[in-house]
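Just query-v2.csv here, CSV, C-alpha atoms:
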chain,number,residue,atom,x,y,z
R,1,MET,CA,-36.5,83.2,85.5
R,2,SER,CA,-38.1,81.0,82.9
R,3,ALA,CA,-36.0,79.9,80.0
R,4,SER,CA,-36.3,77.6,77.0
R,5,LEU,CA,-34.9,74.2,77.8
R,6,SER,CA,-33.0,74.3,74.5
R,7,ARG,CA,-30.8,77.3,75.7
R,8,PRO,CA,-28.2,77.0,78.4
R,9,ARG,CA,-28.8,79.1,81.5
R,10,VAL,CA,-26.3,81.2,83.3
R,11,GLY,CA,-26.1,81.9,87.0
R,12,VAL,CA,-25.5,85.3,88.5
R,13,TRP,CA,-24.2,84.9,92.1
R,14,LEU,CA,-24.5,88.2,94.0
R,15,ILE,CA,-22.4,89.0,97.0
R,16,GLY,CA,-24.6,91.3,99.1
R,17,ALA,CA,-27.6,89.6,97.5
R,18,ARG,CA,-30.2,91.3,99.7
R,19,GLY,CA,-28.9,94.8,99.4
R,20,SER,CA,-30.4,97.7,97.3
R,21,VAL,CA,-28.3,97.1,94.2
R,22,ALA,CA,-28.9,93.3,94.1
R,23,THR,CA,-32.6,93.7,94.7
R,24,THR,CA,-32.8,96.3,91.9
R,25,VAL,CA,-30.8,93.9,89.6
R,26,VAL,CA,-33.2,91.0,90.2
R,27,THR,CA,-36.3,93.1,90.0
R,28,GLY,CA,-35.1,94.9,86.9
R,29,CYS,CA,-34.1,91.8,85.0
R,30,ALA,CA,-37.5,90.2,85.7
R,31,ALA,CA,-39.4,93.4,84.7
R,32,ILE,CA,-37.5,93.7,81.4
R,33,THR,CA,-37.9,90.1,80.6
R,34,ALA,CA,-41.7,90.4,81.2
R,35,GLY,CA,-41.9,93.4,79.0
R,36,LEU,CA,-42.9,95.7,81.8
R,37,HIS,CA,-40.0,98.2,81.3
R,38,PRO,CA,-37.5,98.9,78.6
R,39,PRO,CA,-33.8,98.1,79.3
R,40,THR,CA,-32.8,101.8,79.9
R,41,GLY,CA,-29.2,102.1,81.0
R,42,MET,CA,-28.1,98.6,79.7
R,43,VAL,CA,-25.3,99.2,77.2
R,44,THR,CA,-25.5,95.5,76.2
R,45,GLU,CA,-29.1,96.0,74.9
R,46,THR,CA,-28.0,98.6,72.4
R,47,PRO,CA,-27.5,97.8,68.7
R,48,ALA,CA,-23.7,97.7,69.0
R,49,PHE,CA,-24.0,94.4,71.0
R,50,THR,CA,-26.8,92.7,69.0
R,51,ASP,CA,-24.4,90.2,67.6
R,52,SER,CA,-22.2,89.6,70.6
R,53,ARG,CA,-24.0,86.3,71.5
R,54,LEU,CA,-24.5,87.3,75.1
R,55,PRO,CA,-26.8,85.2,77.4
R,56,ALA,CA,-30.4,86.4,77.2
R,57,LEU,CA,-31.8,88.2,80.3
R,58,SER,CA,-34.4,85.5,80.4
R,59,ASP,CA,-31.7,82.9,80.8
R,60,LEU,CA,-30.1,84.4,83.9
R,61,VAL,CA,-30.7,82.7,87.3
R,62,PHE,CA,-29.9,84.6,90.5
R,63,GLY,CA,-28.6,83.6,93.9
R,64,GLY,CA,-26.0,84.8,96.3
R,65,HIS,CA,-24.6,85.4,99.8
R,66,ASP,CA,-25.6,87.9,102.4
R,67,THR,CA,-25.4,88.4,106.1
R,68,LEU,CA,-28.9,90.0,106.2
R,69,ASP,CA,-32.1,88.0,106.5
R,70,CYS,CA,-34.6,90.5,105.0
R,71,PRO,CA,-36.3,88.6,102.1
R,72,LEU,CA,-36.0,90.1,98.7
R,73,PRO,CA,-39.8,90.7,98.2
R,74,LYS,CA,-39.8,92.7,101.5
R,75,ARG,CA,-36.6,94.6,100.4
R,76,ALA,CA,-38.3,95.4,97.1
R,77,GLU,CA,-41.3,96.8,99.0
R,78,THR,CA,-39.0,99.2,100.9
R,79,LEU,CA,-37.2,100.3,97.7
R,80,THR,CA,-40.7,100.9,96.1
R,81,ALA,CA,-41.7,103.1,99.0
R,82,GLY,CA,-38.4,105.0,98.7
R,83,GLY,CA,-39.1,105.8,95.0
R,84,VAL,CA,-36.3,103.5,93.7
R,85,LEU,CA,-38.5,100.9,92.1
R,86,PRO,CA,-41.6,101.9,90.1
R,87,PRO,CA,-45.0,101.3,91.8
R,88,GLY,CA,-46.4,97.9,91.1
R,89,THR,CA,-43.2,96.4,89.6
R,90,ALA,CA,-42.1,94.5,92.6
R,91,THR,CA,-45.6,93.0,93.0
R,92,ALA,CA,-45.6,92.0,89.3
R,93,VAL,CA,-42.3,90.1,89.6
R,94,ALA,CA,-42.9,88.8,93.1
R,95,ALA,CA,-42.5,85.2,92.0
R,96,GLU,CA,-39.0,85.9,90.5
R,97,LEU,CA,-38.0,87.8,93.7
R,98,ALA,CA,-39.1,84.9,95.8
R,99,ALA,CA,-37.2,82.4,93.6
R,100,ALA,CA,-34.0,84.4,93.9
R,101,ASP,CA,-34.4,84.8,97.6
R,102,ARG,CA,-34.6,81.0,98.0
R,103,GLU,CA,-31.1,80.8,96.4
R,104,ILE,CA,-29.5,83.2,98.9
R,105,ARG,CA,-27.2,81.6,101.5
R,106,PRO,CA,-25.8,83.0,104.7
R,107,GLY,CA,-22.6,85.0,104.2
R,108,GLY,CA,-19.9,85.8,106.7
R,109,PRO,CA,-17.9,85.8,108.7
R,110,ALA,CA,-20.7,86.7,111.1
R,111,PRO,CA,-20.0,87.8,114.7
R,112,GLY,CA,-19.2,84.7,116.7
R,113,ASP,CA,-18.3,82.6,113.7
R,114,THR,CA,-15.5,80.4,114.7
R,115,ARG,CA,-14.7,78.9,111.2
R,116,SER,CA,-11.3,79.4,109.8
R,117,GLU,CA,-10.7,81.4,106.6
R,118,THR,CA,-10.2,78.1,104.7
R,119,GLU,CA,-13.4,76.7,106.1
R,120,LEU,CA,-15.3,79.8,105.1
R,121,ILE,CA,-13.9,79.8,101.6
R,122,THR,CA,-14.8,76.1,101.2
R,123,ALA,CA,-18.4,76.7,102.5
R,124,PHE,CA,-19.0,79.6,100.2
R,125,ALA,CA,-17.6,77.7,97.2
R,126,ASP,CA,-19.8,74.7,98.0
R,127,ASP,CA,-22.8,77.0,98.0
R,128,ILE,CA,-22.0,78.2,94.5
R,129,ARG,CA,-21.3,74.7,93.2
R,130,ASP,CA,-24.6,73.5,94.6
R,131,PHE,CA,-26.4,76.4,92.9
R,132,VAL,CA,-24.8,75.6,89.6
R,133,HIS,CA,-25.6,71.9,89.9
R,134,ARG,CA,-29.2,72.2,91.0
R,135,HIS,CA,-30.1,74.5,88.2
R,136,THR,CA,-28.0,72.7,85.6
R,137,LEU,CA,-26.3,76.0,84.7
R,138,GLU,CA,-23.8,76.2,82.0
R,139,ARG,CA,-21.7,78.6,84.1
R,140,ALA,CA,-22.1,81.2,86.8
R,141,VAL,CA,-20.5,84.6,87.3
R,142,VAL,CA,-19.9,85.9,90.9
R,143,VAL,CA,-20.5,89.7,91.3
R,144,ASN,CA,-19.6,91.6,94.5
R,145,VAL,CA,-22.2,94.3,95.1
R,146,ALA,CA,-21.8,94.4,98.9
R,147,SER,CA,-21.1,97.5,101.0
R,148,THR,CA,-17.6,98.9,100.8
R,149,GLU,CA,-15.1,97.5,103.3
R,150,PRO,CA,-12.5,99.7,105.2
R,151,ALA,CA,-9.1,99.6,103.5
R,152,SER,CA,-6.6,97.7,105.6
R,153,GLN,CA,-3.0,98.8,105.7
R,154,ASN,CA,-1.8,95.9,107.7
R,155,PRO,CA,-0.6,92.9,105.6
R,156,ASP,CA,-1.0,90.6,108.5
R,157,SER,CA,-4.7,91.4,109.0
R,158,PRO,CA,-7.2,88.6,108.4
R,159,LEU,CA,-8.5,88.3,104.9
R,160,PRO,CA,-11.4,90.7,104.3
R,161,ALA,CA,-14.8,89.1,103.6
R,162,SER,CA,-14.6,90.4,100.0
R,163,THR,CA,-11.4,88.4,99.4
R,164,LEU,CA,-12.9,85.3,101.0
R,165,TYR,CA,-15.8,85.5,98.5
R,166,ALA,CA,-13.4,86.1,95.6
R,167,LEU,CA,-11.4,83.0,96.5
R,168,ALA,CA,-14.6,81.0,96.8
R,169,ALA,CA,-15.6,82.1,93.3
R,170,LEU,CA,-12.2,80.9,92.0
R,171,ARG,CA,-12.5,77.7,93.9
R,172,ALA,CA,-15.9,77.1,92.3
R,173,GLY,CA,-14.5,77.8,88.8
R,174,CYS,CA,-16.5,81.0,88.3
R,175,PRO,CA,-15.5,84.3,86.7
R,176,TYR,CA,-15.5,87.2,89.2
R,177,VAL,CA,-16.6,90.8,89.0
R,178,ASN,CA,-15.8,93.3,91.8
R,179,PHE,CA,-18.3,96.2,91.5
R,180,THR,CA,-17.1,97.6,94.8
R,181,PRO,CA,-14.0,99.4,96.0
R,182,SER,CA,-13.3,96.5,98.4
R,183,GLN,CA,-10.1,94.5,97.9
R,184,GLY,CA,-11.7,91.3,96.7
R,185,ILE,CA,-9.5,89.7,94.1
R,186,HIS,CA,-7.0,92.6,94.4
R,187,HIS,CA,-5.7,91.2,97.6
R,188,PRO,CA,-2.3,89.6,96.9
R,189,VAL,CA,-3.5,86.2,98.0
R,190,ALA,CA,-6.5,86.3,95.7
R,191,ALA,CA,-4.5,87.9,92.8
R,192,ARG,CA,-2.1,84.9,92.8
R,193,GLU,CA,-5.0,82.5,92.8
R,194,ALA,CA,-6.7,84.4,90.0
R,195,GLU,CA,-3.6,84.2,87.8
R,196,ARG,CA,-3.3,80.5,88.4
R,197,SER,CA,-7.0,79.8,87.8
R,198,GLY,CA,-7.2,80.8,84.1
R,199,LEU,CA,-10.6,82.5,84.8
R,200,PRO,CA,-11.6,85.9,83.6
R,201,TYR,CA,-12.2,88.7,86.1
R,202,ALA,CA,-13.1,92.4,86.1
R,203,GLY,CA,-13.4,95.3,88.5
R,204,ARG,CA,-13.2,97.4,90.5
R,205,ASP,CA,-15.7,99.9,91.8
R,206,GLY,CA,-18.6,100.6,89.5
R,207,LYS,CA,-18.5,104.0,87.7
R,208,THR,CA,-22.0,105.3,88.2
R,209,GLY,CA,-22.1,109.0,88.9
R,210,GLN,CA,-19.4,111.6,89.9
R,211,THR,CA,-16.6,109.6,88.5
R,212,LEU,CA,-18.5,108.9,85.3
R,213,LEU,CA,-18.6,112.7,84.8
R,214,ARG,CA,-14.9,113.0,85.7
R,215,ALA,CA,-14.0,110.4,83.0
R,216,VAL,CA,-15.7,112.7,80.5
R,217,LEU,CA,-14.6,116.0,81.7
R,218,GLY,CA,-10.9,115.1,82.5
R,219,PRO,CA,-10.1,114.3,78.8
R,220,MET,CA,-12.0,117.5,77.7
R,221,PHE,CA,-9.6,119.7,79.7
R,222,ALA,CA,-6.5,117.7,78.6
R,223,GLN,CA,-7.5,117.7,74.9
R,224,ARG,CA,-8.3,121.5,74.9
R,225,ALA,CA,-4.9,122.2,76.7
R,226,LEU,CA,-6.7,123.8,79.7
R,227,THR,CA,-4.8,123.7,83.0
R,228,VAL,CA,-6.8,122.3,85.9
R,229,ARG,CA,-5.6,123.9,89.1
R,230,ALA,CA,-8.0,122.3,91.6
R,231,TRP,CA,-10.8,119.8,91.5
R,232,SER,CA,-12.8,119.3,94.7
R,233,GLY,CA,-15.9,117.3,95.3
R,234,THR,CA,-18.6,116.4,97.8
R,235,ASN,CA,-20.9,113.4,97.9
R,236,LEU,CA,-24.1,113.3,100.0
R,237,LEU,CA,-25.6,109.9,100.2
R,238,GLY,CA,-27.7,107.7,102.6
R,239,GLY,CA,-28.7,104.1,102.7
R,240,GLY,CA,-26.2,101.3,103.4
R,241,ASP,CA,-23.6,102.9,101.3
R,242,GLY,CA,-23.7,106.1,103.2
R,243,ALA,CA,-23.4,104.3,106.5
R,244,ALA,CA,-20.5,102.2,105.3
R,245,LEU,CA,-18.7,105.2,103.8
R,246,ALA,CA,-19.0,107.1,107.1
R,247,ASP,CA,-16.0,105.0,108.1
R,248,PRO,CA,-13.0,107.1,107.0
R,249,ALA,CA,-11.1,103.9,106.0
R,250,ALA,CA,-14.0,102.8,103.7
R,251,ALA,CA,-14.2,106.4,102.3
R,252,ALA,CA,-10.5,106.3,101.5
R,253,ALA,CA,-10.9,103.1,99.5
R,254,LYS,CA,-13.8,104.7,97.6
R,255,ASN,CA,-11.9,107.9,96.9
R,256,ALA,CA,-8.8,106.1,95.5
R,257,GLY,CA,-10.7,105.2,92.3
R,258,LYS,CA,-12.0,108.8,91.9
R,259,GLU,CA,-8.4,110.1,92.2
R,260,ARG,CA,-7.1,107.6,89.7
R,261,VAL,CA,-9.5,108.8,87.0
R,262,LEU,CA,-8.2,112.4,87.3
R,263,ALA,CA,-4.5,111.3,87.4
R,264,ASP,CA,-5.0,109.1,84.3
R,265,THR,CA,-7.0,111.6,82.3
R,266,LEU,CA,-5.2,114.8,83.3
R,267,GLY,CA,-1.7,113.4,83.7
R,268,THR,CA,-1.5,115.0,87.1
R,269,VAL,CA,-3.5,115.1,90.3
R,270,PRO,CA,-4.8,118.6,90.9
R,271,GLU,CA,-5.4,120.2,94.3
R,272,GLY,CA,-8.6,119.3,96.1
R,273,GLU,CA,-10.3,116.4,97.8
R,274,VAL,CA,-13.5,114.4,97.7
R,275,HIS,CA,-15.6,114.5,100.8
R,276,ILE,CA,-18.3,111.9,101.5
R,277,ASP,CA,-21.1,112.7,103.9
R,278,ASP,CA,-23.6,110.2,105.3
R,279,VAL,CA,-27.1,111.7,105.1
R,280,PRO,CA,-29.5,108.9,106.2
R,281,ALA,CA,-32.6,110.9,105.1
R,282,LEU,CA,-31.5,110.6,101.5
R,283,GLY,CA,-32.0,106.9,101.5
R,284,ASP,CA,-30.8,105.4,98.2
R,285,TRP,CA,-30.4,108.8,96.5
R,286,LYS,CA,-27.2,110.7,96.2
R,287,THR,CA,-25.9,114.2,95.3
R,288,ALA,CA,-22.4,114.7,94.0
R,289,TRP,CA,-21.0,118.3,93.5
R,290,ASP,CA,-17.7,119.1,91.8
R,291,HIS,CA,-15.9,122.4,91.8
R,292,ILE,CA,-13.2,122.7,89.1
R,293,ALA,CA,-10.8,125.6,88.9
R,294,PHE,CA,-8.9,125.9,85.6
R,295,ASP,CA,-6.8,128.3,83.6
R,296,GLY,CA,-7.4,129.4,80.1
R,297,PHE,CA,-5.6,131.5,77.5
R,298,LEU,CA,-3.1,134.0,79.1
R,299,GLY,CA,-3.8,132.5,82.5
R,300,THR,CA,-7.5,133.6,82.6
R,301,ARG,CA,-9.0,131.9,85.7
R,302,MET,CA,-12.3,130.1,85.2
R,303,ILE,CA,-14.5,127.7,87.1
R,304,LEU,CA,-16.8,124.8,86.1
R,305,GLN,CA,-19.3,123.3,88.6
R,306,THR,CA,-21.4,120.2,88.2
R,307,ILE,CA,-24.2,118.7,90.2
R,308,TRP,CA,-25.2,115.0,89.8
R,309,GLN,CA,-28.3,113.8,91.5
R,310,GLY,CA,-29.3,110.2,91.1
R,311,CYS,CA,-30.4,106.9,92.5
R,312,ASP,CA,-27.4,104.7,93.2
R,313,SER,CA,-29.2,101.4,92.8
R,314,ALA,CA,-30.9,102.4,89.5
R,315,LEU,CA,-27.6,103.6,88.1
R,316,ALA,CA,-25.7,100.5,89.2
R,317,ALA,CA,-28.2,97.7,88.4
R,318,PRO,CA,-28.0,97.9,84.5
R,319,LEU,CA,-24.2,97.9,84.7
R,320,VAL,CA,-24.3,94.8,86.9
R,321,LEU,CA,-26.5,93.0,84.3
R,322,ASP,CA,-24.1,94.2,81.5
R,323,LEU,CA,-21.1,92.9,83.3
R,324,ALA,CA,-22.6,89.5,84.2
R,325,ARG,CA,-23.5,88.9,80.6
R,326,LEU,CA,-20.2,90.1,79.1
R,327,THR,CA,-18.1,88.2,81.6
R,328,ALA,CA,-20.2,85.0,81.1
R,329,ARG,CA,-19.7,85.2,77.4
R,330,ALA,CA,-15.9,86.0,77.8
R,331,HIS,CA,-15.7,82.8,79.9
R,332,GLU,CA,-17.5,80.8,77.3
R,333,THR,CA,-15.1,81.9,74.6
R,334,GLY,CA,-12.0,81.0,76.7
R,335,ARG,CA,-10.9,84.4,77.9
R,336,SER,CA,-8.8,84.5,81.0
R,337,GLY,CA,-7.2,87.0,83.3
R,338,PRO,CA,-8.2,90.7,83.7
R,339,LEU,CA,-10.9,91.9,81.2
R,340,ASP,CA,-9.3,95.2,80.2
R,341,ALA,CA,-12.1,96.0,77.8
R,342,LEU,CA,-14.6,96.3,80.7
R,343,ALA,CA,-12.8,99.4,82.1
R,344,PHE,CA,-15.8,101.5,80.8
R,345,TYR,CA,-17.7,100.3,83.8
R,346,PHE,CA,-15.1,100.9,86.6
R,347,LYS,CA,-13.4,103.7,88.5
R,348,ASP,CA,-10.3,101.6,89.2
R,349,PRO,CA,-10.2,99.0,86.4
R,350,VAL,CA,-7.9,96.0,86.3
R,351,GLY,CA,-5.5,95.6,83.4
R,352,GLU,CA,-4.3,98.2,80.9
R,353,GLY,CA,-6.4,100.4,78.8
R,354,PRO,CA,-7.6,104.0,78.1
R,355,SER,CA,-8.9,106.3,80.9
R,356,GLY,CA,-11.3,108.5,79.0
R,357,LEU,CA,-14.9,107.3,78.8
R,358,SER,CA,-15.1,107.7,75.0
R,359,GLU,CA,-12.0,105.6,74.3
R,360,GLN,CA,-13.2,103.1,76.9
R,361,TYR,CA,-16.6,102.8,75.1
R,362,GLU,CA,-14.8,102.2,71.8
R,363,GLU,CA,-12.8,99.5,73.4
R,364,LEU,CA,-15.9,97.9,74.9
R,365,VAL,CA,-17.6,97.9,71.5
R,366,ARG,CA,-14.6,96.2,69.9
R,367,PHE,CA,-14.7,93.6,72.7
R,368,GLY,CA,-18.4,93.0,72.1
R,369,ARG,CA,-17.7,92.4,68.4
R,370,SER,CA,-14.9,90.0,69.2
R,371,LEU,CA,-17.2,88.0,71.5
R,372,GLY,CA,-19.7,87.7,68.6
R,373,HIS,CA,-17.1,86.4,66.2
R,374,ALA,CA,-15.5,83.9,68.7
R,375,ASP,CA,-16.7,80.3,68.9
R,376,GLY,CA,-17.7,79.2,72.4
R,377,GLU,CA,-15.3,76.6,73.7
R,378,GLY,CA,-17.9,75.0,76.0
R,379,ARG,CA,-16.2,76.2,79.2
R,380,ALA,CA,-18.8,75.3,81.8
R,381,ALA,CA,-18.4,76.2,85.5
R,382,ARG,CA,-15.3,74.2,86.3
R,383,PRO,CA,-14.8,73.7,90.1
R,384,VAL,CA,-11.2,73.7,91.1
R,385,GLY,CA,-12.1,70.8,93.4
R,386,ASP,CA,-11.4,70.0,97.0
R,387,THR,CA,-7.7,69.7,96.6
R,388,GLY,CA,-7.1,72.7,98.8
R,389,GLU,CA,-5.0,74.8,96.5
R,390,THR,CA,-6.9,77.9,97.3
R,391,GLY,CA,-6.9,77.2,101.0
R,392,GLU,CA,-3.2,76.5,101.1
R,393,ALA,CA,-2.5,80.0,99.9
R,394,LEU,CA,-4.0,81.5,103.1
Is it possible to express this structure as structure tokens?
Amino acid sequence: MSASLSRPRVGVWLIGARGSVATTVVTGCAAITAGLHPPTGMVTETPAFTDSRLPALSDLVFGGHDTLDCPLPKRAETLTAGGVLPPGTATAVAAELAAADREIRPGGPAPGDTRSETELITAFADDIRDFVHRHTLERAVVVNVASTEPASQNPDSPLPASTLYALAALRAGCPYVNFTPSQGIHHPVAAREAERSGLPYAGRDGKTGQTLLRAVLGPMFAQRALTVRAWSGTNLLGGGDGAALADPAAAAAKNAGKERVLADTLGTVPEGEVHIDDVPALGDWKTAWDHIAFDGFLGTRMILQTIWQGCDSALAAPLVLDLARLTARAHETGRSGPLDALAFYFKDPVGEGPSGLSEQYEELVRFGRSLGHADGEGRAARPVGDTGETGEAL
């Protein structure tokens, strides 16, 4: 991205940098900056955040880690053919896609990789530091948009890749956002490091479709004193997410956030489950169906059904850009620890805060105002160094 030399630039380091969401993020940012498309879906581009002093979209520089080797321009072509990206957009921003692709480094651990966890964390952190140094960035935010990992129930299991990346972000002195249901910074090892680091972090699992509706409907039933007896749902999705969530352990990690929204907004967990079905033919598109059985006055039994059909990458990308900008500004103003006010964006948010979407939005707007009123404390990307404190926790 081009940027005025008088303005500091901010890095956005994407984990899963060649996936559908990341490709849509880079393409969308470039297209909006070039005036090709409006910033639809970006809350930070609404009037409520005009004075929040967030980094400009034109000042964002992209890089990341991935285990895939498909170049971003090629990936964007595939998304265009699938109807995710508008025709001609990827071609118009081909230079920006190529520039971001040059900043993607091999992730891991890959099959046959003999490096220890400490060595992997060090290598990933070095990649991020090098990115910040070469582009003379004021700071960088690490955002995990990779496929969902299976949930591990064994505390003695090796650290999941998402946690290795989270530890690398902390080692490199970067704020961290977990847009996935994977453990990441929630792993006990990473949670301890996050607390010691003094860095801000947010997550987890972006709220883009079915759970977004639940965060609206749950408070409605509670506020109208209607008794929800059962709430069942089905998700049909394809693409990489569908394949990943075909694993029951990964689906369980995904569903945990959906259940939390109902428990928090209703005060109880109604009967019913969420089923996730992999339908490869759907590609990046998904359909979510909910069946809600509830009781009204004098026990009258009623039903509400909802159907949500959308494109996962197009729903997620503007939220990722919002989160990168908000987290970067929070870091600049000296915030640390869990960013409770960003719960608006997540199914299973860190920290304390309201559960209903309306209340979460109000909290987000207040946070935006506070960012505008705060003086930046000049906190640049601050590597922890090679003292091994992150590695020693393994």
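Using only C-alpha atoms, the smallest distance between any of R:Leu226, R:Leu72, R:Phe344, R:Thr114 and Gly296 in chain R comes from R:Leu226.
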Requested in this report: Can you pull out every residue within 6 Å of Leu266 in chain R, counting only C-alpha atoms, but drop anything in the same chain fewer than 2 positions away, and send it as JSON, numbers by chain?
Outcome: {"R": [218, 222, 262, 263, 264, 268]}
Query - Near-Leu326 in chain R list (7 Å; only C-alpha atoms; drop same-chain fewer than 4 positions) as a PyMOL selection string - result: chain R and resi 54+322+330
Could you dump the residues just selected with C-alpha atoms as a compact mmCIF listing (two decimals), in the frame of the given file?
# COMPACT_ATOMS: atom_id res chain seq x y z
CA LEU R 54 -24.50 87.30 75.10
CA ASP R 322 -24.10 94.20 81.50
CA ALA R 330 -15.90 86.00 77.80
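Nearest to Arg129 in chain R of all the residues R:Glu332, R:Glu117, R:Glu103, R:Glu149 is R:Glu103, counting only C-alpha atoms.
Here the question is which of R:Ala316, R:Ala191, R:Glu359, R:Ala288 gets nearest to Pro338 in chain R using only C-alpha atoms, and that residue is R:Ala191.
Residues in contact with Arg301 in chain R at up to 10 Å, not including ones fewer than 5 positions away on its chain and judged by only C-alpha atoms, are R:Thr227, R:Val228, R:Arg229, R:Ala293, R:Phe294, R:Asp295, R:Gly296.
Distance-wise, CA of Gly337 in chain R and CA of Asn178 in chain R end up 13.6 Å apart.
You will find CA of Gly206 in chain R at 18.5 Å from CA of Pro39 in chain R.
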Query raised in the report: Smallest atom-to-atom distance to Ser20 in chain R: which of R:Ala166, R:Ala95, R:Leu236, R:Leu79, using all atoms listed in the file?
Result: R:Leu79
Report summary line: Between CA of Arg335 in chain R and CA of Ile121 in chain R lies a distance of 24.3 Å
Report task. Name the residues in contact with range 133-145 of chain R at a cut-off of 7 Å, using all atoms listed in the file, excluding same-chain residues fewer than 6 positions from it; report them as an NGL selection string. Result -> :R and (8-16 or 21-22 or 169 or 174-180 or 324 or 328 or 380-381)
Contacts of Gly88 in chain R at 12 Å or less, counting all atoms listed in the file, minus same-chain residues fewer than 2 places along, as a PDB file with C-alpha atoms, in the coordinates of the input?
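The resulting part.pdb:
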ATOM      1  CA  THR R  27     -36.300  93.100  90.000  1.00  0.00           C
ATOM      2  CA  ALA R  31     -39.400  93.400  84.700  1.00  0.00           C
ATOM      3  CA  LEU R  36     -42.900  95.700  81.800  1.00  0.00           C
ATOM      4  CA  HIS R  37     -40.000  98.200  81.300  1.00  0.00           C
ATOM      5  CA  ALA R  76     -38.300  95.400  97.100  1.00  0.00           C
ATOM      6  CA  GLU R  77     -41.300  96.800  99.000  1.00  0.00           C
ATOM      7  CA  LEU R  79     -37.200 100.300  97.700  1.00  0.00           C
ATOM      8  CA  THR R  80     -40.700 100.900  96.100  1.00  0.00           C
ATOM      9  CA  ALA R  81     -41.700 103.100  99.000  1.00  0.00           C
ATOM     10  CA  GLY R  83     -39.100 105.800  95.000  1.00  0.00           C
ATOM     11  CA  VAL R  84     -36.300 103.500  93.700  1.00  0.00           C
ATOM     12  CA  LEU R  85     -38.500 100.900  92.100  1.00  0.00           C
ATOM     13  CA  PRO R  86     -41.600 101.900  90.100  1.00  0.00           C
ATOM     14  CA  ALA R  90     -42.100  94.500  92.600  1.00  0.00           C
ATOM     15  CA  THR R  91     -45.600  93.000  93.000  1.00  0.00           C
ATOM     16  CA  ALA R  92     -45.600  92.000  89.300  1.00  0.00           C
ATOM     17  CA  VAL R  93     -42.300  90.100  89.600  1.00  0.00           C
ATOM     18  CA  ALA R  94     -42.900  88.800  93.100  1.00  0.00           C
TER      19      ALA R  94
END
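Distances from R:Leu298, R:Ala172, R:Ala202, R:Ile276 to Gly238 in chain R were compared using all atoms listed in the file, and the smallest one belongs to R:Ile276.
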Requested in this report: Using only C-alpha atoms, pick whichever of R:His373, R:Ser147, R:His291, R:Leu57 has the shortest atom-to-atom distance to Ala34 in chain R.
Outcome: R:Leu57
